[in-house]
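Each remark here refers to the structure printed beneath this line.
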Amino acid sequence: MTILGGRPTGLTSFSLDDDLDSRARLVVVGNGMAGARLVEEVLERGGAEQFRITVLGDEPHGNYNRIMLSPVLAGESHEDDIVLNSHDWYADNGVHLRAGVRAERIDTAAKTVLGSDGSVTPYDHLVLATGSYSFIPPMAGVRRDDGSLLPGVYGFRTIDETRAMLEATGRCRRAVVMGGGLLGLEAARALQSHGLQVELVHAMPWLMNAQLDAEAGAILKRSVESLGIAVHLDVLATEVLGTEHVEGVVLKDGRRLDCDLLVVAAGVRPHTDVALRSGLEVERGIVVDDRLRTDDPDVYAIGECAQHRGSVYGLVQPAWEHARVLADVLTGADPDAEYHGSRTATKLKVAGVDVATMGVNTPEREDDEFLVISEPKRGVHLSVVIRDDRLIGATLLGDTRKVAFLTQAFDRGAPLPEERIRLLVDLSDGAEEVGVAEMPADSQVCNCNGVSKGDICGAVAGGCGSVGAVMDATRAGKGCGSCKSLVKQIVEWAADGDVAEDPAASYYVPGVPLAKPELMAAIREQDLRSVSAVFAALAPGGQEDARSKMGLTSLLKMVWGVDFVPEKDGEFINDRVHANIQRDGTFSVVPQMKGGVTTPAQLRRIAEVAEKYEVPMVKVTGGQRIDLLGVRKEDLPAMWADLGMPSGYAYGKSFRTVKTCVGSDFCRFGLGDSTQLGIDLETRFQGIESPAKMKLAVVGCPRNCAEAYVKDVGVVAIGNGRWEVYVGGAAGATVRKGDLLATVDSPQEVLRLTGRFLQYYRENANWLERTYDFVPRVGLERIRAVLLEDSEGIVAQLDANMQRSIDAYTDPWGQDGREPATPGQFRTSLPLVALPKVPVR
C-alpha cells in the first residue's frame, strides 16, 4: 500500500442515496493537475451545494505537481513537497476520490462511466481530464514480448516512474536520456547530480526546438555541455540493447551508447483512448468547442487531452484557463463563459539556466520586426518579434531580467518603446519601466500554479502578512520557483511595505521549524544523535526534508562529536567520498601540508602517485598545498593509501587550512614564528565541522605576506611575543578586512582564543553563513564581551565543546575511510566529459 500526502490509497466503498440527494452528479475522469484544478474552481464557486463530485484517477495517489518531478528526481525536493491535494483534502471537501481506478469506457446513452475495477459510475456532467502519457518511440528491443518496457527503461511522467529512477540511481552508472526538450534536459541534469555519466539524444537539430530558435538552442547546448552532459543532436535512436536489462542504445548513424539506465522524454501524447472507445470525436486530442464541450453536450474535456480550434496545449497555463471557464459554465457563475485559446508564456529554469519564452520565436511575415542580442560566451540569447507595433513573441535565455515588462507587453499589448533595444536592455536614462503597481490584476505571475497578481493581492488583503504565508495560501512560487522574486515584489507593494518576516526565515534548516539555539537544545534534551532521529522527533509529521540533511549532519557532528551516528544520505557527495567533485565528475584530492610546509619525501610520493593514477593536473593551491585534479572516483581509496598523508579538507564545510609566511626563522622582517603557530593551529582544529568553510592564516609581521587580514581568522605577529587576532575577513567574491578581536601575549593564547571564536561561530552561525557575514551580524563588541569578558558565562562550555570535537577527529583517508560505507560509495561514474591531460613533470 502506498501513501502520498495523506491517507493510504486504494479502493474505498462509497454509496449515496440518490433519492435523498438531489444534487447533480459531476464526474471527473483524471486526477492530474487539470482535473483537480477544475474541482477546486467548482468548489470555490459554491459547487459543493450543486454537485456530488466523484474523481477517478489512474494513479493511487492524491493530486501532485508534475512540474516538480525533476527536483524530486534530483533529490532537491521530497515527493511529499509536491503534493497539491492529499487524500484528506478530498474527504474534507466532500469529494469522492477513487484513486487507482481507470475509466475504461463511457456509455454516453446511459450516462455512466465503466471503471477498471468493474464499477459503474453514473453522471449528469462528465469531464475528461485524462492528460498525456510519455511517448515511447518505436525502437527495436524497447519492449518485451508482453508489451512492458525493458527493465531499466523509464518514461518520466509520474511519481512512480520517478521513484523507480531514484532507486535505480543507486546501482546504475551510465544513463542515456532521449529527448532534448524541457523534461529531457531536467532529467539529464537530475541524474547527473546522482553521479551518473549522462548522454542526451535529441532527434531535432537544436535543444528545446519547440520554444527556442536555432541560435538560442545552440547556446543552450553549450551551457548543458559545460555541465558535463554529452549532447547528440539531429539523430534518432533505433534500437535498445539488452535482454534482461537495458545495456545501451544504437543510433541511426550506427553509433552505440552504452547505458544501464534509459529515460525516454521524447514528448507526450494526449490520453484519448477512453474517448475513442466511447465514440467521441478525436483528432490529435479530444475535440472541444469554446465551452469545452465534446460532441456530446454532457461530456467536456480540459487540459492536455483537449483539442480546441486545432490546438493541443502541453502546458499548465491553458489547463488553468480551461478549468476556470468550465467551472463558470457548470456552476452558472458565468453561463456564457467561453475559452478562445491561450497566449502561452513560460518562465522556468532548465538544467540551471533561466529561460523565458512567449509567443513565436522567429518572424513569420516579411514585415515582422526581429531584434536579437546574442552573447554565446555568457550563455545569453535575447530576442523579440514585433508585428504592427505589438509584441508577438520573445525569447530570453540566460538573462530574464526583462521578463516582467515583456510579459505585460505580450499579454496586454502595452505600448512598445520607439527604440526597440529597450525591450531587451536597460539603457539607464532614467526612464521608468512598468512596475508591479501598473500590472493588471489578472496578470499571470506563477505559470506553474496559475496564480495572478490579483490572487496575491487578495491573499494579502485576507490577512496573509508575509511572503511565505502568501505563497502557502496561493501556491505562487511553489512550482519551479522562478517567479519568487516577482511574488515578493507584489506582496510588498500590496502590503504597502508592511510585510512580516516569515517565521521560516529563522529556521536553521527548512525542514525543522526551530531556530538554531532551540534546535540544539532539543537535540541535546532528546538525545537525538542522527539526522533521521531529528526528523522523527522535530519535523512536522516526522517528514524528512532533503534540503535539511547536510546542515543537520554538520550540526550533529558538532554537538555530539564521536557519539554522532552518521547516515550517508545526509552528506553531500564531497563528504561521502572525502574529495572535491569537479565539473566533469572527477575529483580533486588535496593532501594535508600543515602551514604549507612539506618535505622532499612527501613531494616524491605525490609525484609517484600522480603518475601512477594518471592525474591530469597537479596544481599548487592558494592555500599552500598541492592539488591532484581529475582523479577518478573508483581510484580514491587506493590513492589515499599510496599517499599515506592525511586529508587536507579542501572539500567540506569545515576547517580548511592555515596559510603561513616564512616567519622569523628565515625572514629578516619576521617578528614571530608564524610557520610553527600555523602548524599548531591546523593540528589542533583540523577537520572540525562548521556551518561553512573556515580559512585561517598566520603572518610573522604586519607586512601580511600570507594575507591574514582577509581570513576567517587571521593572526599577525607584532613583536615582543605579542599577536593580533583578526576575525571575519574575506578575500573571495566578497572582500572584507577582518576585525581586530584582541591582542594576546603568546601562541598558547592564540590557540585558546581561536578555539573559542570558532566554537562560538559554530554554535551561533546560520547554515552556510561565513564568518564575514556572522561577525557584522552579531557585532564585534558583543563577540568581544562574550569571548574576552565571559559576559554570558559560556567560555568554559565553549572550550569544552571545542575539545569534544577535537577529540572526535579521525582522518577520513585512514583505513576506515578506504573501506566503502555502501557498495556504491566509490563506484565509477566517469568520465563525463573528456578533458585534456596536463603532463606531470
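In the C-alpha cells, the first chain shown is A, the next is B, and so on; residue numbers restart at 1 for each chain, and ligands run from 1 in the order shown.
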
So which residues of range 368-546 of chain A fall under helix (DSSP H, G or I) by DSSP, listed as a ChimeraX atom specification? /A:376-378,403-412,420-423,436-438,453-461,467-474,484-494,503-506,516-525,531-538,540-542,546

Can you tell me which residues surround Leu741 in chain A at a distance of at most 7 Å, considering only C-alpha atoms, apart from same-chain residues fewer than 6 positions away, and format the answer as a ChimeraX atom specification? /A:725-727,784

Neighbour list for range 519-529 of chain A as a PyMOL selection string, cut-off 12 Å, only C-alpha atoms, skip fewer than 5 positions in-chain: chain A and resi 506-514+534-539+551-567+762-764+766

Find the spatial neighbours of Glu76 in chain A, counting only C-alpha atoms, within a cut-off of 10 Å - ignore same-chain residues fewer than 6 positions away - and output them as a VMD selection string. chain A and resid 68 70 190 193 545 to 548

Quick check for you: according to DSSP on this backbone, which residues of range 555-648 of chain A are classed as strand (DSSP E)? Reply as a PyMOL selection string. chain A and resi 580-581+587-589+617-620+626-631

Could those residues be written to a file, using all heavy atoms, as a tab-separated table (two decimals), in the first residue's frame?
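Listed below is the output, again-v5.tsv:
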chain	number	residue	atom	x	y	z
A	580	ASN	N	36.78	16.57	-3.56
A	580	ASN	CA	36.01	17.69	-4.10
A	580	ASN	C	35.61	17.39	-5.54
A	580	ASN	O	36.47	17.31	-6.42
A	580	ASN	CB	36.86	18.97	-4.03
A	580	ASN	CG	36.01	20.21	-4.21
A	580	ASN	OD1	34.79	20.14	-4.22
A	580	ASN	ND2	36.65	21.35	-4.34
A	581	ILE	N	34.30	17.22	-5.80
A	581	ILE	CA	33.85	16.88	-7.14
A	581	ILE	C	34.08	18.06	-8.08
A	581	ILE	O	33.90	19.22	-7.72
A	581	ILE	CB	32.37	16.45	-7.14
A	581	ILE	CG1	32.01	15.78	-8.47
A	581	ILE	CG2	31.45	17.61	-6.83
A	581	ILE	CD1	30.68	15.05	-8.45
A	587	PHE	N	37.40	14.02	-9.41
A	587	PHE	CA	37.55	14.58	-8.07
A	587	PHE	C	38.93	15.20	-7.88
A	587	PHE	O	39.89	14.85	-8.57
A	587	PHE	CB	37.32	13.49	-7.02
A	587	PHE	CG	35.88	13.07	-6.93
A	587	PHE	CD1	35.37	12.12	-7.80
A	587	PHE	CD2	35.02	13.66	-6.03
A	587	PHE	CE1	34.04	11.75	-7.75
A	587	PHE	CE2	33.68	13.30	-5.96
A	587	PHE	CZ	33.19	12.34	-6.82
A	588	SER	N	38.98	16.13	-6.94
A	588	SER	CA	40.21	16.80	-6.57
A	588	SER	C	40.66	16.27	-5.22
A	588	SER	O	39.88	16.22	-4.27
A	588	SER	CB	39.95	18.32	-6.50
A	588	SER	OG	40.94	18.96	-5.73
A	589	VAL	N	41.91	15.85	-5.14
A	589	VAL	CA	42.48	15.32	-3.90
A	589	VAL	C	43.58	16.25	-3.42
A	589	VAL	O	44.52	16.56	-4.17
A	589	VAL	CB	43.05	13.90	-4.13
A	589	VAL	CG1	43.88	13.45	-2.94
A	589	VAL	CG2	41.90	12.92	-4.39
A	617	MET	N	46.11	16.91	-13.85
A	617	MET	CA	46.72	18.18	-13.46
A	617	MET	C	47.17	18.13	-12.00
A	617	MET	O	46.44	17.65	-11.14
A	617	MET	CB	45.75	19.35	-13.65
A	617	MET	CG	46.32	20.70	-13.20
A	617	MET	SD	45.19	22.10	-13.43
A	617	MET	CE	45.33	22.31	-15.21
A	618	VAL	N	48.38	18.63	-11.75
A	618	VAL	CA	48.89	18.81	-10.40
A	618	VAL	C	49.10	20.30	-10.21
A	618	VAL	O	49.83	20.93	-10.97
A	618	VAL	CB	50.22	18.05	-10.19
A	618	VAL	CG1	50.73	18.27	-8.78
A	618	VAL	CG2	50.03	16.57	-10.48
A	619	LYS	N	48.46	20.88	-9.19
A	619	LYS	CA	48.44	22.34	-9.06
A	619	LYS	C	48.74	22.75	-7.62
A	619	LYS	O	48.27	22.13	-6.68
A	619	LYS	CB	47.07	22.90	-9.47
A	619	LYS	CG	47.03	24.41	-9.56
A	619	LYS	CD	45.66	24.89	-9.96
A	619	LYS	CE	45.68	26.39	-10.21
A	619	LYS	NZ	46.17	27.13	-9.04
A	620	VAL	N	49.51	23.81	-7.48
A	620	VAL	CA	49.72	24.42	-6.17
A	620	VAL	C	48.53	25.33	-5.87
A	620	VAL	O	48.17	26.18	-6.68
A	620	VAL	CB	51.02	25.22	-6.12
A	620	VAL	CG1	51.18	25.92	-4.78
A	620	VAL	CG2	52.22	24.32	-6.39
A	626	ILE	N	49.19	21.12	-2.42
A	626	ILE	CA	49.24	20.56	-3.77
A	626	ILE	C	47.93	19.85	-4.04
A	626	ILE	O	47.48	19.01	-3.25
A	626	ILE	CB	50.44	19.62	-3.94
A	626	ILE	CG1	51.74	20.43	-3.89
A	626	ILE	CG2	50.34	18.85	-5.25
A	626	ILE	CD1	53.00	19.61	-4.01
A	627	ASP	N	47.32	20.18	-5.16
A	627	ASP	CA	46.02	19.65	-5.55
A	627	ASP	C	46.20	18.69	-6.72
A	627	ASP	O	46.80	19.04	-7.74
A	627	ASP	CB	45.12	20.83	-5.96
A	627	ASP	CG	43.66	20.43	-6.06
A	627	ASP	OD1	43.35	19.23	-5.99
A	627	ASP	OD2	42.81	21.34	-6.21
A	628	LEU	N	45.69	17.48	-6.57
A	628	LEU	CA	45.70	16.48	-7.64
A	628	LEU	C	44.31	16.48	-8.26
A	628	LEU	O	43.34	16.02	-7.66
A	628	LEU	CB	46.04	15.10	-7.07
A	628	LEU	CG	47.35	15.03	-6.27
A	628	LEU	CD1	47.52	13.66	-5.65
A	628	LEU	CD2	48.54	15.36	-7.16
A	629	LEU	N	44.20	17.01	-9.46
A	629	LEU	CA	42.91	17.24	-10.11
A	629	LEU	C	42.63	16.19	-11.17
A	629	LEU	O	43.53	15.78	-11.91
A	629	LEU	CB	42.87	18.62	-10.75
A	629	LEU	CG	42.84	19.79	-9.75
A	629	LEU	CD1	43.56	20.99	-10.31
A	629	LEU	CD2	41.41	20.14	-9.41
A	630	GLY	N	41.35	15.78	-11.26
A	630	GLY	CA	40.96	14.85	-12.31
A	630	GLY	C	41.03	13.39	-11.87
A	630	GLY	O	41.20	12.50	-12.71
A	631	VAL	N	40.90	13.13	-10.57
A	631	VAL	CA	41.02	11.76	-10.06
A	631	VAL	C	39.69	11.03	-10.23
A	631	VAL	O	38.63	11.56	-9.89
A	631	VAL	CB	41.43	11.77	-8.57
A	631	VAL	CG1	41.55	10.35	-8.04
A	631	VAL	CG2	42.74	12.53	-8.40

Would you compute the distance between CA of Tyr90 in chain A and CA of Asp273 in chain A? Give it in Å to one decimal.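 Answer for the CA of Tyr90 in chain A to CA of Asp273 in chain A separation: 26.4 Å.
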